[in-house]
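To keep things clear, I will list the structure first and then write my remarks on it.
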Amino acid sequence: MQEREKELIEKLAEERLLTEEEFEQLIVLSDEEARELIASLATKQRQAVFQDAIYTRGLIEISSICKNNCYYCGIRRDNCLAERYRLTQEEIISCAGEGYELGFRTFVLQGGEDAFFTDDVLCDIVASLKELYPDCAVTLSMGERSRDSYKALFDAGADRYLLRHETADRKHYGSLHPAEMSFDNRMRCLRDLRDIGYQVGCGFMVGSPYQTPGTIAKDLRFIGDFRPEMCGIGPFIPHRNTPFKDESAGSLEMTLFLLSVIRLMLPDVLLPATTALGTVDHGGREKGILAGANVVMPNLSPVSVRKKYELYDNKICTGEESAQCRGCLEERVKAVGCRLVVDRGDSPRVRKTITEEKCNNGKI
Ligand code: SAH
């Protein structure tokens with residue numbers, strides 16, 4: 001490891017932010033030794049905030065129907081070979097019921113931008129989940145919607161919203177998406193979600209086509225400035241029926257390195273070891289935890305549709321990966337010195353606010 005690299009990592013650990021130029025340098029210089037150093041510092045940070053706890057979320061993929069045409073995504077509109085499905089409200093609730101029994105206390109509803117899920121329909125689903133499982137959090141990941149829509153869903157009980165910004169570089173955004181999609185609208189959504197009061201998650205793919213150390217540096221600055229409660233990053237993996245079918249996948253090593261950078265920037269961030277990470281490497285999610293991640297999101301969708309929500313080739317979704325195999329996951333997490341907990345797993349920042357509010361109310 002070069003002296004400069006060590007200097008930058010130490011500066012990041014102390015000051016929690018670097019300039020865009022410094023981030024770029026850090027990425028260009030990163031080697032194995034640097035990755036080891038940063039992973040150990042990031043693990044220490046994770047332990048300082050969360051001890052040995054790893055949070056789980058049950059991921060319910062509610063629709064593979066999407067009006068968008070993102071160049072990287074397997075369920076893009078123009079992929080006429082994609083098998084489309086949409087879960088009914090009953091199916092979603094029954095998945096959550098199964099998840100509850102398995103120990104999940106957060107349900108993530110994710111899907112393509114499917115016009116069937118109007119505010120009324122989605123609010124109804126959120127409200128019934130909250131009524132049936134009042135001790136659980138509901139996270140939505142349903143793409144770009146209007147501010148009014150986000151507000152209605154929040155009022156119906158949704159706690160968190162995941163919307164990856166995908167890239168913080170406008171030009172790069174334009175090379176990952178068709179012209180009908182807008183960088184400004186994506187950013188508008190994130191600001192609205194934050195204003196409304198959600199715990200918000202942004203994020204990006206590592207190794208997406210046209211990504212450079214410069215664009216990653218912008219992503220990191222954006223994350224450092226926006227300070228999301230959650231941050232989802234995973235390697236880009238090509239899908240055979242997309243314009244990016246011949247592009248290469250993002251690397252395990254760079255993803256791990258960036259997980260550590262993000263943990264050092266935002267010690268209390270909810271940081272998942274993603275399914276994509278587990279897809280590029282069999283032990284990817286455990287390695288993610290050792291790089292600073294503290295969340296895993298096993299698949300809780302009905303087995304009959306799992307293969308159909310195919311964002312990229314060879315997505316792991318059955319066997320040991322699935323929510324049903326919580327026992328396997330527990331063992332894997334134990335093997336890296338952590339513990340899977342039965343907990344909503346809110347952002348510590350929000351937990352603090354809730355407690356303060358309770359105290360103040362008590363005094364009044
Ligand atoms: N429609 C929702 C959910 C999208 S799927 C939304 O717009 O937020 C969730 C995430 O999967 C995307 O944000 C994207 O970053 C990631 N993804 C999509 N295609 C991928 C691919 N080929 N490889 C890796 N990740 C991918």
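Every chain in the structure tokens takes a letter, A first, then B, and so on in the order presented; its residues are numbered from 1, and the ligands are numbered from 1 following the presented order.
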For Phe104 in chain A, please output as a list in words all residues within 7 Å (counting only C-alpha atoms; exclusion window: fewer than 3 positions along the same chain).
Thr56, Arg57, Gly58, Gly99, Tyr100 and Val342 of chain A
Atoms to include: C-alpha atoms. Write the selected residues as an mmCIF file, in the first residue's frame.
data_model
loop_
_atom_site.group_PDB
_atom_site.id
_atom_site.type_symbol
_atom_site.label_atom_id
_atom_site.label_comp_id
_atom_site.auth_asym_id
_atom_site.auth_seq_id
_atom_site.Cartn_x
_atom_site.Cartn_y
_atom_site.Cartn_z
ATOM 1 C CA THR A 56 -32.620 -8.758 8.249
ATOM 2 C CA ARG A 57 -35.306 -7.614 5.855
ATOM 3 C CA GLY A 58 -37.730 -9.890 4.045
ATOM 4 C CA GLY A 99 -41.756 -13.854 7.087
ATOM 5 C CA TYR A 100 -43.063 -12.826 10.487
ATOM 6 C CA VAL A 342 -35.183 -10.215 15.394
#
Counting only C-alpha atoms and all ligand atoms, which protein, DNA or RNA residues come within 7 Å of ligand 1, given as an mmCIF file with N, CA and C atoms, in the first residue's frame?
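Here's the written file out_3.cif:
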data_model
loop_
_atom_site.group_PDB
_atom_site.id
_atom_site.type_symbol
_atom_site.label_atom_id
_atom_site.label_comp_id
_atom_site.auth_asym_id
_atom_site.auth_seq_id
_atom_site.Cartn_x
_atom_site.Cartn_y
_atom_site.Cartn_z
ATOM 1 N N TYR A 72 -29.619 -1.400 -18.067
ATOM 2 C CA TYR A 72 -28.956 -2.475 -17.323
ATOM 3 C C TYR A 72 -29.915 -3.534 -16.793
ATOM 4 N N CYS A 73 -31.204 -3.234 -16.768
ATOM 5 C CA CYS A 73 -32.120 -4.039 -15.956
ATOM 6 C C CYS A 73 -32.874 -5.110 -16.750
ATOM 7 N N GLY A 74 -32.903 -6.315 -16.204
ATOM 8 C CA GLY A 74 -33.530 -7.456 -16.874
ATOM 9 C C GLY A 74 -35.042 -7.363 -16.995
ATOM 10 N N GLN A 110 -40.655 -4.454 -3.154
ATOM 11 C CA GLN A 110 -39.922 -3.902 -4.294
ATOM 12 C C GLN A 110 -40.584 -4.333 -5.595
ATOM 13 N N GLY A 111 -40.487 -3.477 -6.594
ATOM 14 C CA GLY A 111 -41.055 -3.871 -7.876
ATOM 15 C C GLY A 111 -40.707 -2.907 -8.976
ATOM 16 N N GLY A 112 -41.079 -3.287 -10.173
ATOM 17 C CA GLY A 112 -40.950 -2.395 -11.312
ATOM 18 C C GLY A 112 -41.983 -1.278 -11.168
ATOM 19 N N GLU A 113 -41.886 -0.285 -12.029
ATOM 20 C CA GLU A 113 -42.873 0.804 -11.993
ATOM 21 C C GLU A 113 -44.111 0.334 -12.751
ATOM 22 N N SER A 141 -39.834 0.110 -2.238
ATOM 23 C CA SER A 141 -38.812 0.329 -3.260
ATOM 24 C C SER A 141 -39.523 0.153 -4.597
ATOM 25 N N MET A 142 -40.344 1.144 -4.906
ATOM 26 C CA MET A 142 -41.243 1.066 -6.058
ATOM 27 C C MET A 142 -40.942 2.150 -7.088
ATOM 28 N N GLY A 143 -39.745 2.696 -7.016
ATOM 29 C CA GLY A 143 -39.330 3.627 -8.053
ATOM 30 C C GLY A 143 -39.810 5.052 -7.846
ATOM 31 N N GLU A 144 -39.813 5.787 -8.968
ATOM 32 C CA GLU A 144 -40.108 7.224 -8.926
ATOM 33 C C GLU A 144 -41.613 7.454 -8.905
ATOM 34 N N LEU A 162 -36.490 2.939 -0.421
ATOM 35 C CA LEU A 162 -35.207 2.723 -1.098
ATOM 36 C C LEU A 162 -35.327 3.172 -2.543
ATOM 37 N N LEU A 163 -34.467 4.074 -2.931
ATOM 38 C CA LEU A 163 -34.443 4.516 -4.326
ATOM 39 C C LEU A 163 -32.988 4.826 -4.658
ATOM 40 N N ARG A 164 -32.328 3.872 -5.273
ATOM 41 C CA ARG A 164 -30.922 4.123 -5.590
ATOM 42 C C ARG A 164 -30.824 5.306 -6.540
ATOM 43 N N GLU A 166 -28.440 5.620 -8.503
ATOM 44 C CA GLU A 166 -27.804 4.908 -9.632
ATOM 45 C C GLU A 166 -26.475 5.516 -10.053
ATOM 46 N N PHE A 204 -25.952 2.780 -5.577
ATOM 47 C CA PHE A 204 -25.551 2.649 -6.980
ATOM 48 C C PHE A 204 -24.944 1.269 -7.236
ATOM 49 N N MET A 205 -24.808 0.945 -8.507
ATOM 50 C CA MET A 205 -24.183 -0.324 -8.884
ATOM 51 C C MET A 205 -22.674 -0.091 -9.041
ATOM 52 N N GLY A 234 -24.186 -2.688 -4.863
ATOM 53 C CA GLY A 234 -23.871 -4.066 -5.232
ATOM 54 C C GLY A 234 -23.261 -4.033 -6.618
ATOM 55 N N PRO A 235 -22.566 -5.109 -6.987
ATOM 56 C CA PRO A 235 -21.940 -5.119 -8.314
ATOM 57 C C PRO A 235 -22.981 -5.135 -9.432
ATOM 58 N N PHE A 236 -22.686 -4.437 -10.524
ATOM 59 C CA PHE A 236 -23.496 -4.562 -11.737
ATOM 60 C C PHE A 236 -23.258 -5.975 -12.279
ATOM 61 N N ILE A 237 -24.337 -6.625 -12.709
ATOM 62 C CA ILE A 237 -24.214 -7.953 -13.331
ATOM 63 C C ILE A 237 -25.018 -7.911 -14.627
ATOM 64 N N PRO A 238 -24.403 -8.247 -15.762
ATOM 65 C CA PRO A 238 -25.157 -8.124 -17.018
ATOM 66 C C PRO A 238 -26.324 -9.109 -17.098
ATOM 67 N N HIS A 239 -27.342 -8.699 -17.821
ATOM 68 C CA HIS A 239 -28.476 -9.574 -18.101
ATOM 69 C C HIS A 239 -28.492 -9.829 -19.604
ATOM 70 N N ALA A 276 -26.821 -9.158 -5.068
ATOM 71 C CA ALA A 276 -25.883 -9.123 -6.199
ATOM 72 C C ALA A 276 -24.476 -9.495 -5.730
ATOM 73 N N LEU A 311 -33.396 -9.351 -12.397
ATOM 74 C CA LEU A 311 -32.771 -8.072 -12.746
ATOM 75 C C LEU A 311 -31.478 -8.313 -13.509
ATOM 76 N N TYR A 312 -30.820 -9.440 -13.188
ATOM 77 C CA TYR A 312 -29.549 -9.787 -13.836
ATOM 78 C C TYR A 312 -29.449 -11.304 -13.894
#
Just checking: using only C-alpha atoms, which residue out of A:Asp313, A:Asp155, A:Asp120, A:Asp346 ends up closest to Phe244 in chain A?
A:Asp313
Shell of 7 Å around range 219-230 of chain A, only C-alpha atoms, local chain residues under 4 positions omitted, as a PyMOL selection string
chain A and resi 17+20+167-168+199-202+215+265+269-271+347
Just list as a PyMOL selection string whatever in range 136-326 of chain A DSSP marks as helix (DSSP H, G or I).
chain A and resi 147-155+170-176+183-196+213-226+252-265+275-280+284-290+303-306+319-321+323-326
Please, what distance in Å, to one decimal, runs between CA of Ile62 in chain A and CA of Arg86 in chain A?
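Result for CA of Ile62 in chain A versus CA of Arg86 in chain A: 5.9 Å, one decimal.
With only C-alpha atoms as the basis for measurement, A:Ala42 is the residue among A:Thr255, A:Ala42, A:Glu61, A:Lys130 that approaches Leu12 in chain A most closely.
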Within 12 Å of Gly103 in chain A, counting only C-alpha atoms, which residues show up once you throw out same-chain ones fewer than 5 positions away? Write them as number ranges by chain, please.
A: 55-58, 96-98, 133, 135-136, 298, 300, 323-327, 330, 340-344
Please list as a short mmCIF file (atom, residue, chain, number, x, y, z; two decimals) with all heavy atoms, in the first residue's frame every residue within 12 Å of Lys11 in chain A, counting only C-alpha atoms and excluding residues in the same chain fewer than 6 positions away.
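File around_6.cif, as written:
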data_model
loop_
_atom_site.label_atom_id
_atom_site.label_comp_id
_atom_site.auth_asym_id
_atom_site.auth_seq_id
_atom_site.Cartn_x
_atom_site.Cartn_y
_atom_site.Cartn_z
N ARG A 4 0.45 7.38 0.48
CA ARG A 4 -0.67 8.28 0.20
C ARG A 4 -2.02 7.61 0.48
O ARG A 4 -2.94 8.19 1.02
CB ARG A 4 -0.59 8.74 -1.27
CG ARG A 4 -1.72 9.64 -1.73
CD ARG A 4 -1.71 10.98 -1.00
NE ARG A 4 -2.83 11.82 -1.41
CZ ARG A 4 -3.42 12.71 -0.63
NH1 ARG A 4 -3.00 12.88 0.62
NH2 ARG A 4 -4.41 13.44 -1.07
N GLU A 5 -2.09 6.34 0.09
CA GLU A 5 -3.33 5.56 0.29
C GLU A 5 -3.66 5.46 1.78
O GLU A 5 -4.80 5.68 2.21
CB GLU A 5 -3.14 4.17 -0.31
CG GLU A 5 -4.33 3.25 -0.13
CD GLU A 5 -5.35 3.33 -1.24
OE1 GLU A 5 -4.92 3.45 -2.39
OE2 GLU A 5 -6.55 3.28 -0.97
N LEU A 17 -15.06 12.32 5.74
CA LEU A 17 -15.34 12.79 4.38
C LEU A 17 -14.02 13.14 3.71
O LEU A 17 -13.06 13.54 4.39
CB LEU A 17 -16.24 14.04 4.44
CG LEU A 17 -17.00 14.38 3.14
CD1 LEU A 17 -17.90 13.25 2.69
CD2 LEU A 17 -17.84 15.64 3.32
N LEU A 18 -13.98 12.96 2.41
CA LEU A 18 -12.82 13.39 1.62
C LEU A 18 -13.34 14.28 0.52
O LEU A 18 -14.55 14.32 0.25
CB LEU A 18 -12.12 12.17 1.01
CG LEU A 18 -11.50 11.13 1.94
CD1 LEU A 18 -10.89 9.98 1.12
CD2 LEU A 18 -10.41 11.75 2.83
N THR A 19 -12.45 14.98 -0.15
CA THR A 19 -12.90 15.76 -1.31
C THR A 19 -13.09 14.79 -2.47
O THR A 19 -12.63 13.64 -2.42
CB THR A 19 -11.83 16.80 -1.73
OG1 THR A 19 -10.68 16.07 -2.18
CG2 THR A 19 -11.45 17.72 -0.58
N GLU A 22 -9.83 13.53 -3.66
CA GLU A 22 -9.22 12.53 -2.76
C GLU A 22 -9.91 11.17 -2.91
O GLU A 22 -9.25 10.13 -2.93
CB GLU A 22 -9.30 13.02 -1.31
CG GLU A 22 -8.34 14.14 -1.00
CD GLU A 22 -8.59 14.78 0.36
OE1 GLU A 22 -9.75 14.80 0.84
OE2 GLU A 22 -7.62 15.29 0.95
N PHE A 23 -11.24 11.19 -3.03
CA PHE A 23 -11.96 9.93 -3.23
C PHE A 23 -11.47 9.24 -4.50
O PHE A 23 -11.25 8.03 -4.53
CB PHE A 23 -13.47 10.17 -3.33
CG PHE A 23 -14.19 10.17 -2.00
CD1 PHE A 23 -15.10 11.17 -1.69
CD2 PHE A 23 -13.98 9.15 -1.08
CE1 PHE A 23 -15.77 11.15 -0.47
CE2 PHE A 23 -14.65 9.13 0.13
CZ PHE A 23 -15.55 10.14 0.44
N LEU A 26 -8.16 7.70 -3.94
CA LEU A 26 -8.31 6.52 -3.08
C LEU A 26 -8.73 5.31 -3.91
O LEU A 26 -8.22 4.20 -3.73
CB LEU A 26 -9.37 6.82 -2.02
CG LEU A 26 -9.66 5.77 -0.95
CD1 LEU A 26 -8.48 5.67 0.02
CD2 LEU A 26 -10.91 6.13 -0.15
N ILE A 38 -8.85 -0.87 5.37
CA ILE A 38 -10.11 -0.14 5.42
C ILE A 38 -11.23 -1.05 5.94
O ILE A 38 -12.11 -0.62 6.70
CB ILE A 38 -10.45 0.51 4.05
CG1 ILE A 38 -11.47 1.63 4.24
CG2 ILE A 38 -10.96 -0.49 3.03
CD1 ILE A 38 -11.64 2.52 3.04
N LEU A 41 -11.01 -1.17 9.74
CA LEU A 41 -11.51 0.08 10.35
C LEU A 41 -13.03 0.15 10.25
O LEU A 41 -13.72 0.57 11.18
CB LEU A 41 -10.88 1.30 9.65
CG LEU A 41 -9.38 1.50 9.86
CD1 LEU A 41 -8.84 2.58 8.93
CD2 LEU A 41 -9.10 1.86 11.32
N VAL A 261 -15.70 2.14 2.62
CA VAL A 261 -15.62 3.61 2.53
C VAL A 261 -16.92 4.22 3.07
O VAL A 261 -16.91 5.17 3.87
CB VAL A 261 -15.39 4.07 1.07
CG1 VAL A 261 -15.52 5.58 0.95
CG2 VAL A 261 -14.03 3.61 0.56
N LEU A 264 -17.24 4.06 6.80
CA LEU A 264 -16.40 5.05 7.49
C LEU A 264 -17.00 6.45 7.39
O LEU A 264 -16.90 7.24 8.32
CB LEU A 264 -14.97 5.04 6.93
CG LEU A 264 -14.12 3.81 7.27
CD1 LEU A 264 -12.70 3.97 6.75
CD2 LEU A 264 -14.09 3.56 8.78
N MET A 265 -17.64 6.73 6.26
CA MET A 265 -18.27 8.05 6.09
C MET A 265 -19.47 8.22 7.00
O MET A 265 -19.70 9.26 7.59
CB MET A 265 -18.76 8.20 4.64
CG MET A 265 -17.81 8.91 3.74
SD MET A 265 -18.68 9.56 2.30
CE MET A 265 -19.37 8.14 1.53
#
DSSP-assigned strand (DSSP E) among range 28-229 of chain A, expressed as a PyMOL selection string
chain A and resi 53-56+58-63+106-111+137-141+160-162+199-206
Residue neighbourhood Arg145 in chain A, 12 Å, only C-alpha atoms, exclusion window fewer than 4 positions, as an mmCIF file with N, CA, C and O atoms, in the first residue's frame:
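Printed below is result_39.cif as written:
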data_model
loop_
_atom_site.group_PDB
_atom_site.id
_atom_site.type_symbol
_atom_site.label_atom_id
_atom_site.label_comp_id
_atom_site.auth_asym_id
_atom_site.auth_seq_id
_atom_site.Cartn_x
_atom_site.Cartn_y
_atom_site.Cartn_z
ATOM 1 N N GLY A 112 -41.079 -3.287 -10.173
ATOM 2 C CA GLY A 112 -40.950 -2.395 -11.312
ATOM 3 C C GLY A 112 -41.983 -1.278 -11.168
ATOM 4 O O GLY A 112 -42.840 -1.319 -10.282
ATOM 5 N N GLU A 113 -41.886 -0.285 -12.029
ATOM 6 C CA GLU A 113 -42.873 0.804 -11.993
ATOM 7 C C GLU A 113 -44.111 0.334 -12.751
ATOM 8 O O GLU A 113 -44.224 0.493 -13.959
ATOM 9 N N ASP A 114 -44.989 -0.272 -12.003
ATOM 10 C CA ASP A 114 -46.172 -0.951 -12.529
ATOM 11 C C ASP A 114 -47.397 -0.097 -12.204
ATOM 12 O O ASP A 114 -47.728 0.101 -11.029
ATOM 13 N N ALA A 115 -48.061 0.396 -13.263
ATOM 14 C CA ALA A 115 -49.177 1.338 -13.078
ATOM 15 C C ALA A 115 -50.330 0.758 -12.259
ATOM 16 O O ALA A 115 -51.139 1.498 -11.704
ATOM 17 N N PHE A 117 -50.112 -0.450 -9.407
ATOM 18 C CA PHE A 117 -49.945 -0.051 -8.012
ATOM 19 C C PHE A 117 -50.142 1.460 -7.857
ATOM 20 O O PHE A 117 -49.204 2.222 -7.660
ATOM 21 N N THR A 118 -51.398 1.852 -7.980
ATOM 22 C CA THR A 118 -51.777 3.252 -7.762
ATOM 23 C C THR A 118 -51.606 3.557 -6.282
ATOM 24 O O THR A 118 -51.402 2.643 -5.458
ATOM 25 N N ASP A 119 -51.753 4.810 -5.915
ATOM 26 C CA ASP A 119 -51.623 5.168 -4.503
ATOM 27 C C ASP A 119 -52.646 4.416 -3.670
ATOM 28 O O ASP A 119 -52.332 3.915 -2.585
ATOM 29 N N LEU A 122 -51.598 0.686 -3.294
ATOM 30 C CA LEU A 122 -50.393 0.512 -2.481
ATOM 31 C C LEU A 122 -50.629 0.956 -1.032
ATOM 32 O O LEU A 122 -50.164 0.303 -0.087
ATOM 33 N N LEU A 140 -40.567 0.608 1.213
ATOM 34 C CA LEU A 140 -41.002 0.532 -0.178
ATOM 35 C C LEU A 140 -39.813 0.771 -1.102
ATOM 36 O O LEU A 140 -38.906 1.547 -0.777
ATOM 37 N N SER A 141 -39.834 0.110 -2.238
ATOM 38 C CA SER A 141 -38.812 0.329 -3.260
ATOM 39 C C SER A 141 -39.523 0.153 -4.597
ATOM 40 O O SER A 141 -39.382 -0.858 -5.280
ATOM 41 N N SER A 149 -47.753 11.263 -3.874
ATOM 42 C CA SER A 149 -47.834 9.816 -3.733
ATOM 43 C C SER A 149 -46.958 9.348 -2.558
ATOM 44 O O SER A 149 -47.393 8.565 -1.709
ATOM 45 N N TYR A 150 -45.722 9.833 -2.512
ATOM 46 C CA TYR A 150 -44.834 9.460 -1.409
ATOM 47 C C TYR A 150 -45.457 9.853 -0.067
ATOM 48 O O TYR A 150 -45.375 9.124 0.912
ATOM 49 N N LYS A 151 -46.093 11.028 -0.064
ATOM 50 C CA LYS A 151 -46.698 11.515 1.191
ATOM 51 C C LYS A 151 -47.859 10.601 1.600
ATOM 52 O O LYS A 151 -47.987 10.219 2.776
ATOM 53 N N ALA A 152 -48.694 10.234 0.619
ATOM 54 C CA ALA A 152 -49.845 9.377 0.925
ATOM 55 C C ALA A 152 -49.368 8.025 1.471
ATOM 56 O O ALA A 152 -49.932 7.499 2.440
ATOM 57 N N LEU A 153 -48.317 7.484 0.885
ATOM 58 C CA LEU A 153 -47.797 6.190 1.332
ATOM 59 C C LEU A 153 -47.190 6.295 2.732
ATOM 60 O O LEU A 153 -47.333 5.387 3.554
ATOM 61 N N TYR A 161 -37.945 4.182 2.461
ATOM 62 C CA TYR A 161 -38.039 4.093 0.996
ATOM 63 C C TYR A 161 -36.634 3.942 0.427
ATOM 64 O O TYR A 161 -35.734 4.715 0.756
ATOM 65 N N LEU A 163 -34.467 4.074 -2.931
ATOM 66 C CA LEU A 163 -34.443 4.516 -4.326
ATOM 67 C C LEU A 163 -32.988 4.826 -4.658
ATOM 68 O O LEU A 163 -32.469 5.901 -4.312
ATOM 69 N N ASN A 185 -35.228 14.270 -11.952
ATOM 70 C CA ASN A 185 -36.404 13.717 -11.270
ATOM 71 C C ASN A 185 -36.002 12.704 -10.210
ATOM 72 O O ASN A 185 -36.585 12.653 -9.128
ATOM 73 N N ARG A 186 -34.981 11.896 -10.507
ATOM 74 C CA ARG A 186 -34.500 10.918 -9.522
ATOM 75 C C ARG A 186 -34.069 11.656 -8.243
ATOM 76 O O ARG A 186 -34.426 11.277 -7.132
ATOM 77 N N MET A 187 -33.319 12.726 -8.429
ATOM 78 C CA MET A 187 -32.828 13.502 -7.280
ATOM 79 C C MET A 187 -33.991 14.204 -6.559
ATOM 80 O O MET A 187 -34.009 14.290 -5.340
ATOM 81 N N ARG A 188 -34.951 14.661 -7.340
ATOM 82 C CA ARG A 188 -36.146 15.291 -6.742
ATOM 83 C C ARG A 188 -36.858 14.294 -5.833
ATOM 84 O O ARG A 188 -37.261 14.619 -4.704
ATOM 85 N N CYS A 189 -36.987 13.056 -6.324
ATOM 86 C CA CYS A 189 -37.647 12.019 -5.521
ATOM 87 C C CYS A 189 -36.928 11.844 -4.182
ATOM 88 O O CYS A 189 -37.560 11.796 -3.127
ATOM 89 N N LEU A 190 -35.601 11.744 -4.228
ATOM 90 C CA LEU A 190 -34.848 11.523 -2.987
ATOM 91 C C LEU A 190 -35.046 12.674 -2.004
ATOM 92 O O LEU A 190 -35.222 12.466 -0.806
ATOM 93 N N ASP A 192 -37.671 14.721 -1.880
ATOM 94 C CA ASP A 192 -39.046 14.659 -1.381
ATOM 95 C C ASP A 192 -39.186 13.607 -0.282
ATOM 96 O O ASP A 192 -39.813 13.849 0.750
ATOM 97 N N LEU A 193 -38.605 12.442 -0.530
ATOM 98 C CA LEU A 193 -38.703 11.351 0.450
ATOM 99 C C LEU A 193 -38.110 11.794 1.792
ATOM 100 O O LEU A 193 -38.677 11.562 2.858
#
Can you list, as an mmCIF file with all heavy atoms, in the first residue's frame, every protein, DNA or RNA residue that comes within 9 Å of Gly284 in chain A when you count only C-alpha atoms, leaving out same-chain residues fewer than 4 positions away?
data_model
loop_
_atom_site.group_PDB
_atom_site.id
_atom_site.type_symbol
_atom_site.label_atom_id
_atom_site.label_comp_id
_atom_site.auth_asym_id
_atom_site.auth_seq_id
_atom_site.Cartn_x
_atom_site.Cartn_y
_atom_site.Cartn_z
ATOM 1 N N LEU A 252 -16.106 -7.976 -7.066
ATOM 2 C CA LEU A 252 -16.327 -8.214 -5.638
ATOM 3 C C LEU A 252 -15.443 -7.257 -4.826
ATOM 4 O O LEU A 252 -15.908 -6.599 -3.895
ATOM 5 C CB LEU A 252 -15.954 -9.676 -5.313
ATOM 6 C CG LEU A 252 -15.863 -10.042 -3.846
ATOM 7 C CD1 LEU A 252 -17.252 -10.228 -3.254
ATOM 8 C CD2 LEU A 252 -15.049 -11.327 -3.635
ATOM 9 N N LEU A 256 -16.554 -4.425 -2.082
ATOM 10 C CA LEU A 256 -16.191 -4.522 -0.666
ATOM 11 C C LEU A 256 -15.474 -3.248 -0.212
ATOM 12 O O LEU A 256 -15.751 -2.701 0.863
ATOM 13 C CB LEU A 256 -15.293 -5.746 -0.416
ATOM 14 C CG LEU A 256 -15.930 -7.113 -0.706
ATOM 15 C CD1 LEU A 256 -14.903 -8.230 -0.525
ATOM 16 C CD2 LEU A 256 -17.143 -7.361 0.191
ATOM 17 N N ALA A 273 -25.467 -6.124 2.711
ATOM 18 C CA ALA A 273 -24.632 -6.996 1.868
ATOM 19 C C ALA A 273 -25.641 -7.572 0.881
ATOM 20 O O ALA A 273 -26.471 -8.394 1.243
ATOM 21 C CB ALA A 273 -23.990 -8.087 2.714
ATOM 22 N N THR A 274 -25.633 -7.091 -0.351
ATOM 23 C CA THR A 274 -26.745 -7.319 -1.279
ATOM 24 C C THR A 274 -26.730 -8.703 -1.935
ATOM 25 O O THR A 274 -25.715 -9.403 -1.927
ATOM 26 C CB THR A 274 -26.718 -6.257 -2.405
ATOM 27 O OG1 THR A 274 -25.454 -6.344 -3.065
ATOM 28 C CG2 THR A 274 -26.912 -4.857 -1.864
ATOM 29 N N THR A 275 -27.883 -9.019 -2.511
ATOM 30 C CA THR A 275 -28.025 -10.271 -3.250
ATOM 31 C C THR A 275 -27.029 -10.310 -4.412
ATOM 32 O O THR A 275 -26.450 -11.359 -4.712
ATOM 33 C CB THR A 275 -29.467 -10.384 -3.800
ATOM 34 O OG1 THR A 275 -30.357 -10.200 -2.709
ATOM 35 C CG2 THR A 275 -29.720 -11.733 -4.428
ATOM 36 N N ALA A 276 -26.821 -9.158 -5.068
ATOM 37 C CA ALA A 276 -25.883 -9.123 -6.199
ATOM 38 C C ALA A 276 -24.476 -9.495 -5.730
ATOM 39 O O ALA A 276 -23.731 -10.195 -6.429
ATOM 40 C CB ALA A 276 -25.894 -7.750 -6.859
ATOM 41 N N LEU A 277 -24.130 -9.072 -4.522
ATOM 42 C CA LEU A 277 -22.807 -9.403 -3.968
ATOM 43 C C LEU A 277 -22.720 -10.911 -3.724
ATOM 44 O O LEU A 277 -21.696 -11.544 -4.001
ATOM 45 C CB LEU A 277 -22.596 -8.616 -2.663
ATOM 46 C CG LEU A 277 -21.206 -8.611 -2.060
ATOM 47 C CD1 LEU A 277 -20.186 -8.037 -3.015
ATOM 48 C CD2 LEU A 277 -21.194 -7.803 -0.750
ATOM 49 N N GLY A 278 -23.818 -11.486 -3.229
ATOM 50 C CA GLY A 278 -23.870 -12.938 -3.014
ATOM 51 C C GLY A 278 -23.910 -13.704 -4.322
ATOM 52 O O GLY A 278 -23.617 -14.899 -4.359
ATOM 53 N N THR A 279 -24.287 -13.031 -5.406
ATOM 54 C CA THR A 279 -24.342 -13.694 -6.711
ATOM 55 C C THR A 279 -22.962 -13.740 -7.363
ATOM 56 O O THR A 279 -22.593 -14.743 -7.969
ATOM 57 C CB THR A 279 -25.359 -12.968 -7.636
ATOM 58 O OG1 THR A 279 -26.643 -13.016 -7.023
ATOM 59 C CG2 THR A 279 -25.435 -13.621 -9.003
ATOM 60 N N VAL A 280 -22.177 -12.665 -7.245
ATOM 61 C CA VAL A 280 -20.838 -12.688 -7.869
ATOM 62 C C VAL A 280 -19.846 -13.554 -7.096
ATOM 63 O O VAL A 280 -18.826 -13.968 -7.640
ATOM 64 C CB VAL A 280 -20.208 -11.285 -8.094
ATOM 65 C CG1 VAL A 280 -20.959 -10.507 -9.156
ATOM 66 C CG2 VAL A 280 -20.064 -10.500 -6.807
ATOM 67 N N GLY A 288 -19.139 -9.126 2.673
ATOM 68 C CA GLY A 288 -19.731 -7.795 2.811
ATOM 69 C C GLY A 288 -19.823 -7.378 4.272
ATOM 70 O O GLY A 288 -19.503 -6.247 4.632
ATOM 71 N N ILE A 289 -20.239 -8.312 5.114
ATOM 72 C CA ILE A 289 -20.336 -8.013 6.554
ATOM 73 C C ILE A 289 -18.942 -7.685 7.099
ATOM 74 O O ILE A 289 -18.759 -6.733 7.849
ATOM 75 C CB ILE A 289 -20.990 -9.202 7.304
ATOM 76 C CG1 ILE A 289 -22.471 -9.322 6.891
ATOM 77 C CG2 ILE A 289 -20.844 -9.041 8.815
ATOM 78 C CD1 ILE A 289 -23.176 -10.560 7.408
#
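Of the residues under consideration (A:Arg160, A:Arg76, A:His177, A:Arg84), A:Arg160 shows the shortest atom-to-atom contact distance to Gly345 in chain A when counting only C-alpha atoms.
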Mind giving me the straight-line distance from CA of Glu33 in chain A to CA of Glu247 in chain A in Å, one decimal?
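It comes out at 28.1 Å.
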